[in-house]
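One structure below.
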Amino acid sequence: MKGSILIIATWNVNSIKVRLERLLDWLDRTSPDVVCLQEIKTITSGFPQEELAAAGYESVAWGQKTYNGVALLSRTPMSDVLRGFTGKGEEDQARLISARINGVRVISAYMPNGAGEPDRFAYKLEWMAMLLRHLREHASPDEPVALCGDYNIAPFDDDVCSLEMFGDTPHVQPETRAALAEFQQWGLSDVFRPHHPEGKVFSWWDYRMLGFPKNHGMRIDHIYATQSLASMCTEAHVDRNERKGTKPSDHAPVVAAFDWRV
DNA sequence: ATGGCCAATTTTATTGGA
């Protein structure tokens, strides 16, 4: 860590293979302590552990073919790694991994999108309910916990560019936001939004239709923390530069700094 | 400049993403 500041980031990279060069460059320039990745889109054995180790990061991953896949990077050792709801990586969809890092339970989550057929929206809500059950079983709101990832939820109306454009997506529906509120009732809070009360700060922009140049985005990637950790958050931002240039992900990293003494 | 989808696979179409 840099002095007593712990920097945690979350980034949906949309394929670790395509994004590796950009990721390594970004790690080199910004030196976060912990990075939560989503949509690595490769099987676990295809995750580039050696390249990341050479860059100074331990990594743990849980992936699958084609879709989903999550990972954690850390400059300091990780322990107590849990994959999926049971901890053993038994589900069909690889959307959850966590580890203990510097005394913090850090979780990388890729919540379902929920668009398309109605059963997909039902799965989104089911998955969130299973995650909450997992938290009750494996974590405590009295301990430092960071739930990071692509939530596929825009918590407030001003977390989307316009409701005309995104009002029908699962990301803004009352049922989705009600499910998110249950995490808040358990003890997690968004560390980002208090630093950006003005709103209209986004973390995802559609590849299509000039989404980024027109700033047609949504804020759907989040870092939530329990009180002991959240109260130490001194800064948070979206690194919009990573949405620019050659071969960007459609998501930009969300980064938060904590005055966290180990 | 920040530019008219992208990535993986079942690859010369299809599916999912949000």
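Going through the structure tokens in order, the chains are called A, B, and so on, while each chain numbers its residues from 1 and the ligands are numbered from 1 in the order shown.
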Between chain B and chain A, at 9 Å or less, what are the per-residue closest atom pairs and their distances in Å? Count only C-alpha atoms (C1' of nucleotides), order by chain and rising residue number, and return it as a tab-separated table.
residue	atom	partner	partner_atom	distance
B:DT2	C1'	A:Pro213	CA	5.0
B:DG3	C1'	A:Leu210	CA	6.1
B:DG4	C1'	A:Met209	CA	5.9
B:DC5	C1'	A:Arg208	CA	4.7
B:DC6	C1'	A:Tyr207	CA	7.2
B:DA7	C1'	A:Ser15	CA	7.1
B:DA8	C1'	A:Thr66	CA	5.4
B:DT9	C1'	A:Thr66	CA	7.6
B:DG16	C1'	A:Tyr67	CA	8.2
B:DG17	C1'	A:Asn113	CA	8.1
B:DA18	C1'	A:Asn113	CA	6.9
Quiz prompt | Those of range 102-214 of chain A in DSSP strand (DSSP E), formatted as an MDAnalysis selection string | solution = chainID A and resid 104:110 145:150 188:190 204:205
Once you have the residues from the selection above, write them out as a short mmCIF file (atom, residue, chain, number, x, y, z; two decimals), in the first residue's frame, restricted to N, CA and C atoms.
data_model
loop_
_atom_site.label_atom_id
_atom_site.label_comp_id
_atom_site.auth_asym_id
_atom_site.auth_seq_id
_atom_site.Cartn_x
_atom_site.Cartn_y
_atom_site.Cartn_z
N VAL A 104 -9.52 -7.17 5.08
CA VAL A 104 -10.81 -6.82 4.48
C VAL A 104 -11.30 -8.00 3.65
N ARG A 105 -12.56 -8.34 3.79
CA ARG A 105 -13.17 -9.33 2.88
C ARG A 105 -13.55 -8.59 1.60
N VAL A 106 -12.79 -8.84 0.55
CA VAL A 106 -13.02 -8.16 -0.73
C VAL A 106 -13.74 -9.12 -1.68
N ILE A 107 -14.83 -8.66 -2.24
CA ILE A 107 -15.68 -9.49 -3.09
C ILE A 107 -15.75 -8.88 -4.49
N SER A 108 -15.51 -9.70 -5.50
CA SER A 108 -15.72 -9.29 -6.89
C SER A 108 -16.97 -9.98 -7.41
N ALA A 109 -17.98 -9.20 -7.76
CA ALA A 109 -19.27 -9.77 -8.17
C ALA A 109 -19.67 -9.27 -9.54
N TYR A 110 -20.21 -10.17 -10.34
CA TYR A 110 -20.79 -9.80 -11.63
C TYR A 110 -22.26 -10.19 -11.60
N VAL A 145 -15.89 -5.13 4.98
CA VAL A 145 -16.25 -5.88 3.78
C VAL A 145 -16.37 -4.89 2.63
N ALA A 146 -15.81 -5.25 1.48
CA ALA A 146 -15.97 -4.43 0.27
C ALA A 146 -16.63 -5.29 -0.80
N LEU A 147 -17.85 -4.94 -1.18
CA LEU A 147 -18.56 -5.63 -2.25
C LEU A 147 -18.44 -4.80 -3.52
N CYS A 148 -17.59 -5.30 -4.43
CA CYS A 148 -17.23 -4.52 -5.61
C CYS A 148 -17.66 -5.27 -6.87
N GLY A 149 -18.01 -4.52 -7.90
CA GLY A 149 -18.27 -5.20 -9.15
C GLY A 149 -19.25 -4.50 -10.06
N ASP A 150 -19.62 -5.25 -11.09
CA ASP A 150 -20.65 -4.80 -12.03
C ASP A 150 -21.98 -5.26 -11.46
N LEU A 188 -24.12 -2.50 4.07
CA LEU A 188 -23.22 -2.00 3.02
C LEU A 188 -23.72 -0.65 2.50
N SER A 189 -22.76 0.23 2.16
CA SER A 189 -23.16 1.49 1.54
C SER A 189 -22.22 1.84 0.39
N ASP A 190 -22.75 2.57 -0.56
CA ASP A 190 -22.02 3.02 -1.74
C ASP A 190 -20.98 4.05 -1.31
N TRP A 204 -20.26 2.97 -17.42
CA TRP A 204 -20.47 2.14 -18.63
C TRP A 204 -21.10 2.98 -19.72
N TRP A 205 -20.64 2.77 -20.96
CA TRP A 205 -21.20 3.41 -22.15
C TRP A 205 -21.29 2.37 -23.24
#
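Atom pair CA of Leu24 in chain A / CA of Leu96 in chain A: separated by 22.5 Å.
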Quiz item: Got a sec to tell me which of range 20-200 of chain A DSSP assigns to alpha helix (DSSP H), as a PyMOL selection string?
Solution: chain A and resi 20-30+49-54+118-138+163-166+174-186
Quiz prompt | Nearest to Thr10 in chain A, chosen from A:Phe156, A:Trp127, A:Phe258, A:Tyr151, with only C-alpha atoms counted in the distances | solution = A:Tyr151
